[in-house]
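Data file: target_23.csv. Format and content: CSV, C-alpha atoms.
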chain,number,residue,atom,x,y,z
A,1,MET,CA,-3.9,-16.0,-39.5
A,2,ASP,CA,-5.3,-13.9,-36.7
A,3,ASN,CA,-7.4,-15.4,-33.9
A,4,ALA,CA,-11.1,-15.6,-34.5
A,5,SER,CA,-10.5,-14.9,-38.2
A,6,HIS,CA,-12.6,-17.5,-40.0
A,7,ILE,CA,-15.7,-19.7,-40.0
A,8,PHE,CA,-14.8,-23.4,-39.4
A,9,ILE,CA,-16.7,-25.8,-41.6
A,10,CYS,CA,-17.5,-29.0,-39.7
A,11,TYR,CA,-18.5,-31.8,-42.0
A,12,SER,CA,-18.2,-35.5,-42.9
A,13,SER,CA,-15.8,-36.2,-45.8
A,14,LYS,CA,-18.7,-38.0,-47.5
A,15,ASP,CA,-20.5,-34.6,-47.7
A,16,GLU,CA,-17.4,-32.8,-49.1
A,17,ALA,CA,-19.2,-31.6,-52.3
A,18,THR,CA,-21.9,-29.9,-50.3
A,19,ALA,CA,-19.3,-28.5,-47.9
A,20,ARG,CA,-17.4,-26.9,-50.7
A,21,ARG,CA,-20.6,-25.4,-52.1
A,22,VAL,CA,-21.3,-23.9,-48.7
A,23,VAL,CA,-17.7,-22.5,-48.6
A,24,GLN,CA,-18.0,-21.0,-52.1
A,25,PHE,CA,-21.3,-19.3,-51.2
A,26,LEU,CA,-20.1,-17.9,-47.9
A,27,GLU,CA,-16.7,-16.7,-49.3
A,28,ALA,CA,-18.5,-15.0,-52.2
A,29,ASP,CA,-20.3,-13.0,-49.6
A,30,GLY,CA,-17.0,-12.0,-47.9
A,31,LEU,CA,-17.1,-14.6,-45.1
A,32,LYS,CA,-13.7,-16.3,-44.8
A,33,CYS,CA,-14.0,-20.1,-44.2
A,34,TRP,CA,-11.7,-22.8,-43.1
A,35,ILE,CA,-12.3,-26.3,-44.5
A,36,ALA,CA,-10.0,-29.2,-43.9
A,37,SER,CA,-9.9,-30.6,-47.4
A,38,ARG,CA,-8.4,-27.3,-48.6
A,39,ASP,CA,-6.7,-25.7,-45.7
A,40,VAL,CA,-4.7,-28.4,-43.9
A,41,PRO,CA,-1.1,-27.8,-45.2
A,42,PRO,CA,0.7,-30.8,-46.7
A,43,GLY,CA,2.8,-32.7,-44.2
A,44,ARG,CA,1.1,-31.1,-41.2
A,45,ASN,CA,-0.4,-33.2,-38.3
A,46,TYR,CA,-4.1,-33.4,-39.3
A,47,GLN,CA,-5.6,-33.5,-35.9
A,48,GLU,CA,-3.4,-30.8,-34.5
A,49,THR,CA,-4.2,-28.5,-37.4
A,50,ILE,CA,-8.0,-29.1,-36.8
A,51,VAL,CA,-7.6,-28.1,-33.2
A,52,GLN,CA,-5.7,-24.9,-34.1
A,53,ALA,CA,-8.3,-24.0,-36.7
A,54,LEU,CA,-11.1,-24.5,-34.2
A,55,GLU,CA,-9.2,-22.3,-31.7
A,56,ARG,CA,-8.9,-19.5,-34.2
A,57,SER,CA,-12.5,-19.7,-35.5
A,58,LYS,CA,-15.2,-17.1,-34.7
A,59,SER,CA,-18.0,-19.6,-35.4
A,60,ILE,CA,-18.6,-23.1,-36.7
A,61,VAL,CA,-21.0,-24.2,-39.5
A,62,PHE,CA,-21.9,-27.8,-38.9
A,63,LEU,CA,-23.3,-29.8,-41.9
A,64,PHE,CA,-25.7,-32.1,-40.1
A,65,SER,CA,-26.4,-35.3,-42.1
A,66,GLU,CA,-26.6,-39.1,-41.8
A,67,ASN,CA,-22.9,-39.1,-42.5
A,68,SER,CA,-21.9,-36.6,-39.9
A,69,ALA,CA,-24.3,-37.9,-37.3
A,70,GLY,CA,-22.4,-41.2,-37.2
A,71,SER,CA,-18.9,-39.7,-37.2
A,72,GLY,CA,-16.9,-39.9,-33.9
A,73,GLU,CA,-14.5,-37.2,-35.2
A,74,ILE,CA,-17.4,-34.8,-35.8
A,75,LYS,CA,-18.6,-35.3,-32.2
A,76,LYS,CA,-15.0,-34.5,-31.0
A,77,GLU,CA,-15.0,-31.3,-33.1
A,78,LEU,CA,-18.4,-30.2,-31.7
A,79,SER,CA,-17.3,-31.0,-28.1
A,80,LEU,CA,-14.1,-29.0,-28.7
A,81,ALA,CA,-16.2,-26.1,-30.0
A,82,GLY,CA,-18.3,-26.2,-26.9
A,83,GLY,CA,-15.2,-26.0,-24.8
A,84,LEU,CA,-14.1,-23.0,-26.7
A,85,ASN,CA,-17.5,-21.3,-26.4
A,86,ALA,CA,-17.6,-21.0,-30.2
A,87,PRO,CA,-21.2,-20.6,-31.6
A,88,VAL,CA,-22.3,-23.5,-33.8
A,89,PHE,CA,-24.7,-23.1,-36.7
A,90,PRO,CA,-26.2,-26.4,-37.8
A,91,LEU,CA,-27.1,-26.7,-41.5
A,92,ARG,CA,-29.3,-29.8,-41.9
A,93,LEU,CA,-28.8,-31.6,-45.2
A,94,SER,CA,-31.7,-34.0,-45.0
A,95,GLN,CA,-34.6,-35.1,-42.8
A,96,ILE,CA,-32.7,-36.3,-39.8
A,97,ALA,CA,-33.0,-35.7,-36.0
A,98,PRO,CA,-30.0,-35.7,-33.6
A,99,SER,CA,-29.6,-38.5,-31.1
A,100,GLY,CA,-27.2,-39.6,-28.4
A,101,ALA,CA,-24.2,-37.5,-27.8
A,102,LEU,CA,-25.0,-35.3,-30.8
A,103,ARG,CA,-28.4,-34.5,-29.3
A,104,TYR,CA,-26.6,-33.3,-26.2
A,105,GLU,CA,-24.1,-31.2,-28.1
A,106,LEU,CA,-26.8,-29.5,-30.2
A,107,ALA,CA,-29.5,-29.1,-27.5
A,108,THR,CA,-31.3,-25.7,-27.8
A,109,ARG,CA,-29.5,-24.7,-31.0
A,110,GLN,CA,-31.3,-23.8,-34.2
A,111,TRP,CA,-30.8,-25.5,-37.5
A,112,ILE,CA,-31.4,-24.3,-41.0
A,113,ASP,CA,-32.6,-26.8,-43.6
A,114,MET,CA,-30.6,-27.0,-46.8
A,115,PHE,CA,-33.7,-28.2,-48.5
A,116,PRO,CA,-35.9,-27.8,-50.5
A,117,ASP,CA,-34.2,-24.5,-51.6
A,118,ALA,CA,-30.4,-24.7,-51.0
A,119,ASP,CA,-29.7,-21.1,-52.2
A,120,GLN,CA,-32.4,-19.7,-49.9
A,121,ALA,CA,-31.0,-21.7,-47.0
A,122,LEU,CA,-27.5,-20.4,-47.6
A,123,ARG,CA,-28.7,-16.8,-47.8
A,124,MET,CA,-30.4,-17.4,-44.4
A,125,LEU,CA,-27.1,-18.8,-43.1
A,126,VAL,CA,-25.2,-15.7,-44.3
A,127,ALA,CA,-27.7,-13.5,-42.5
A,128,THR,CA,-27.4,-15.5,-39.4
A,129,LEU,CA,-23.6,-15.5,-39.4
A,130,ARG,CA,-23.7,-11.7,-39.8
A,131,GLY,CA,-26.1,-11.3,-36.9
A,132,GLU,CA,-28.9,-10.2,-39.1
A,133,SER,CA,-32.5,-11.2,-38.4
A,134,VAL,CA,-33.5,-14.3,-40.3
A,135,GLU,CA,-37.1,-13.2,-40.0
A,136,SER,CA,-36.4,-10.1,-42.2
A,137,PRO,CA,-38.9,-9.3,-45.0
A,138,GLN,CA,-36.1,-9.9,-47.5
A,139,VAL,CA,-35.7,-13.5,-46.4
A,140,LYS,CA,-39.4,-14.2,-46.0
A,141,ALA,CA,-40.4,-12.7,-49.4
A,142,GLU,CA,-39.1,-15.6,-51.4
A,143,ALA,CA,-39.9,-18.7,-49.2
A,144,PRO,CA,-39.3,-19.3,-45.6
A,145,VAL,CA,-36.8,-22.0,-44.8
A,146,ALA,CA,-37.5,-24.2,-41.8
A,147,ASN,CA,-35.5,-23.0,-38.8
A,148,ASN,CA,-36.3,-25.4,-36.0
A,149,ALA,CA,-35.2,-25.8,-32.4
A,150,LEU,CA,-33.4,-29.1,-31.9
A,151,ASP,CA,-34.8,-29.0,-28.3
A,152,PRO,CA,-36.9,-26.6,-26.3
A,153,ALA,CA,-34.8,-24.2,-24.4
A,154,PRO,CA,-34.0,-25.4,-20.9
A,155,PRO,CA,-35.5,-23.6,-17.9
A,156,ALA,CA,-33.5,-20.7,-16.6
A,157,ARG,CA,-31.2,-21.7,-13.9
A,158,LYS,CA,-30.4,-19.8,-10.8
A,159,ARG,CA,-27.0,-18.1,-10.8
A,160,THR,CA,-24.5,-19.9,-8.7
A,161,ARG,CA,-21.0,-19.1,-7.6
A,162,LYS,CA,-18.6,-20.2,-10.2
A,163,ARG,CA,-16.6,-23.3,-9.1
A,164,ALA,CA,-12.8,-23.4,-9.2
A,165,PRO,CA,-11.6,-25.9,-11.8
A,166,ILE,CA,-10.7,-29.4,-10.6
A,167,VAL,CA,-7.2,-28.6,-11.9
A,168,ALA,CA,-5.8,-25.2,-13.0
A,169,PRO,CA,-5.0,-24.8,-16.7
A,170,ASP,CA,-1.5,-23.4,-15.9
A,171,SER,CA,-0.6,-26.1,-13.4
A,172,ALA,CA,2.0,-28.9,-13.6
A,173,GLU,CA,-0.8,-31.4,-12.9
A,174,PHE,CA,-2.9,-30.1,-15.8
A,175,GLU,CA,0.0,-30.5,-18.1
A,176,ALA,CA,0.7,-34.0,-16.9
A,177,ILE,CA,-2.9,-35.1,-17.3
A,178,ARG,CA,-3.0,-33.5,-20.8
A,179,VAL,CA,0.1,-35.4,-21.8
A,180,MET,CA,-1.4,-38.7,-20.6
A,181,LEU,CA,-4.7,-38.2,-22.5
A,182,ALA,CA,-2.9,-36.9,-25.6
A,183,ARG,CA,-1.1,-40.3,-25.9
A,184,HIS,CA,-4.5,-41.8,-26.6
A,185,ILE,CA,-6.4,-39.1,-28.5
A,186,GLY,CA,-3.8,-36.6,-29.7
A,187,PRO,CA,-3.6,-32.8,-29.4
A,188,ILE,CA,-7.3,-32.4,-28.8
A,189,ALA,CA,-6.7,-33.6,-25.3
A,190,LYS,CA,-5.9,-30.1,-24.1
A,191,VAL,CA,-9.3,-28.8,-24.7
A,192,PHE,CA,-11.0,-31.9,-23.3
A,193,VAL,CA,-9.0,-31.6,-20.1
A,194,GLN,CA,-9.8,-28.0,-19.7
A,195,LYS,CA,-13.5,-28.5,-20.4
A,196,ALA,CA,-13.7,-31.4,-17.9
A,197,ALA,CA,-11.8,-29.5,-15.3
A,198,THR,CA,-14.2,-26.6,-15.6
A,199,GLU,CA,-17.5,-28.5,-15.8
A,200,SER,CA,-16.9,-31.4,-13.4
A,201,ARG,CA,-18.2,-31.1,-9.9
A,202,THR,CA,-15.9,-33.7,-8.3
A,203,PRO,CA,-12.5,-35.3,-9.1
A,204,ASP,CA,-14.3,-38.6,-9.7
A,205,GLU,CA,-16.5,-37.0,-12.4
A,206,PHE,CA,-13.5,-35.3,-13.9
A,207,ILE,CA,-11.6,-38.7,-14.1
A,208,GLU,CA,-14.7,-40.5,-15.6
A,209,ARG,CA,-15.2,-37.8,-18.2
A,210,LEU,CA,-11.6,-38.0,-19.4
A,211,SER,CA,-11.4,-41.8,-19.4
A,212,GLY,CA,-14.5,-41.9,-21.5
A,213,HIS,CA,-12.4,-40.5,-24.4
A,214,LEU,CA,-10.3,-43.6,-24.5
A,215,SER,CA,-11.5,-46.0,-27.2
A,216,THR,CA,-10.2,-49.1,-25.5
A,217,PRO,CA,-12.0,-49.8,-22.2
A,218,ALA,CA,-9.1,-52.0,-21.0
A,219,GLN,CA,-6.9,-48.9,-20.9
A,220,ARG,CA,-9.2,-46.9,-18.7
A,221,PRO,CA,-8.4,-48.3,-15.2
A,222,ALA,CA,-4.6,-47.6,-15.6
A,223,PHE,CA,-5.4,-44.1,-17.0
A,224,GLN,CA,-7.9,-43.4,-14.2
A,225,GLN,CA,-5.3,-44.4,-11.6
A,226,ALA,CA,-2.6,-42.2,-13.1
A,227,VAL,CA,-4.9,-39.2,-13.2
A,228,ARG,CA,-6.0,-39.8,-9.6
A,229,ALA,CA,-2.3,-39.9,-8.6
A,230,GLN,CA,-1.8,-36.5,-10.3
A,231,LEU,CA,-4.8,-35.1,-8.4
A,232,GLY,CA,-3.6,-36.6,-5.2
A,233,ALA,CA,-0.2,-34.9,-5.8
A,234,LYS,CA,-2.0,-31.6,-6.2
A,235,SER,CA,-3.8,-31.8,-2.8
Now that the file is in, can you turn its structure into structure tokens?
Amino acid sequence: MDNASHIFICYSSKDEATARRVVQFLEADGLKCWIASRDVPPGRNYQETIVQALERSKSIVFLFSENSAGSGEIKKELSLAGGLNAPVFPLRLSQIAPSGALRYELATRQWIDMFPDADQALRMLVATLRGESVESPQVKAEAPVANNALDPAPPARKRTRKRAPIVAPDSAEFEAIRVMLARHIGPIAKVFVQKAATESRTPDEFIERLSGHLSTPAQRPAFQQAVRAQLGAKS
């Protein structure tokens, strides 16, 4: 499959029936989708396949529900999408507002409500994915579907000189740190290291962000020390 060739469907397994309905609607309109329950080949590493599918996606449709809001895996997928600069289109399945890390990941994005008229919402989603105006008379004529900002847009920032990453993606130090993190969280480590290296302002912030992905706090001091040693070897 070519790069940027499909729409990645990000959803909780508890919402699979709705996810498959979304896929059926989008693909009937000629929009190729990737959904884990159908497209992970038998015998393949599940997490690695998810990472590869995200890397090849041109956009992500996120099914936002009580189920997905509480899923740690969903938050990882959205964080990965952010690191890849892939556009995320939230489709809200019920009356729920984002909180915590999910609120941060979805700040300033727009959602489309799947209720009260699911077909109308999906038509609006198709138009949005195709880059058409969701305010078009054709969409408004039937019944407008709520399309609300999750957060007000942040104030414009002054342009600043782009910082060099804490560690270069093609360096031996980057690879060593990726391997260390992958022992704890799997193949998704590569994107988290790249994102932290680009966004962190200091080595300490870089180390803190990476260690935050470890689920066991007792493992973090040794991990932090090992990463610090790699950064020290770089300097």
Q) What does the distance between CA of Ser65 in chain A and CA of Ser94 in chain A come to in Å, to one decimal place? A)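 Between these atoms lies a distance of 6.2 Å.
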Q) With all atoms listed in the file as the basis for distance, which of A:Met114, A:Cys10, A:Leu214, A:Asp29 is at the shortest distance from Ile50 in chain A? A)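 Among the listed residues, A:Cys10 lies closest to Ile50 in chain A.
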Q) Looking at A:Ser12, A:Gln120, A:Gln110, A:Gln47, which one is nearest to Ser71 in chain A, with distances taken over all atoms listed in the file? A)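 Residue with the minimum atom-to-atom distance to Ser71 in chain A: A:Ser12.
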Q. CA of Leu181 in chain A to CA of Leu54 in chain A: how many Å, to one decimal?
A.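 So the answer is 19.1 Å.
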**Q.** Surrounding residues of Ala53 in chain A excluding itself and chain neighbours under 2 positions, 10 Å, all atoms listed in the file, as a list in words
**A.**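 Here the qualifying residues turn out to be Met1, Asn3, Ala4, Ser5, His6, Ile7, Phe8, Ile9, Trp34, Ile35, Ala36, Asp39, Val40, Gln47, Glu48, Thr49, Ile50, Val51, Glu55, Arg56, Ser57 and Lys58 of chain A.
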Convert the current residue selection to file output with C-alpha atoms, as a tab-separated table (two decimals), keeping the file's coordinate frame.
chain	number	residue	atom	x	y	z
A	1	MET	CA	-3.90	-16.00	-39.50
A	3	ASN	CA	-7.40	-15.40	-33.90
A	4	ALA	CA	-11.10	-15.60	-34.50
A	5	SER	CA	-10.50	-14.90	-38.20
A	6	HIS	CA	-12.60	-17.50	-40.00
A	7	ILE	CA	-15.70	-19.70	-40.00
A	8	PHE	CA	-14.80	-23.40	-39.40
A	9	ILE	CA	-16.70	-25.80	-41.60
A	34	TRP	CA	-11.70	-22.80	-43.10
A	35	ILE	CA	-12.30	-26.30	-44.50
A	36	ALA	CA	-10.00	-29.20	-43.90
A	39	ASP	CA	-6.70	-25.70	-45.70
A	40	VAL	CA	-4.70	-28.40	-43.90
A	47	GLN	CA	-5.60	-33.50	-35.90
A	48	GLU	CA	-3.40	-30.80	-34.50
A	49	THR	CA	-4.20	-28.50	-37.40
A	50	ILE	CA	-8.00	-29.10	-36.80
A	51	VAL	CA	-7.60	-28.10	-33.20
A	55	GLU	CA	-9.20	-22.30	-31.70
A	56	ARG	CA	-8.90	-19.50	-34.20
A	57	SER	CA	-12.50	-19.70	-35.50
A	58	LYS	CA	-15.20	-17.10	-34.70
Q. Any idea what the distance is between CA of Val23 in chain A and CA of Ala69 in chain A?
A. 20.2 Å
Q.
Using only C-alpha atoms for the distances, tell me which of A:Phe223, A:Phe64, A:Trp111, A:Phe206 is nearest to Arg183 in chain A.
A.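 Smallest distance to Arg183 in chain A is found for A:Phe223.
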Q | Pick from A:Leu84, A:Ala218, A:Arg109, A:Val61, whichever lies nearest to Thr198 in chain A using all atoms listed in the file | A | A:Leu84
Q.
Please list as a list in words every residue within 10 Å of Asp204 in chain A, counting all atoms listed in the file and excluding residues in the same chain fewer than 3 positions away.
A.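 Residues near the query, excluding close chain neighbours: Ile166, Ser200, Arg201, Ile207, Glu208, Arg209, Gln224 and Arg228 of chain A.
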**Q.** Residue nearest His213 in chain A - candidates A:Ser13, A:Ser59, A:Ser79, A:Thr18, atoms counted: all atoms listed in the file
**A.**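 Distance minimum relative to His213 in chain A lands on A:Ser79.
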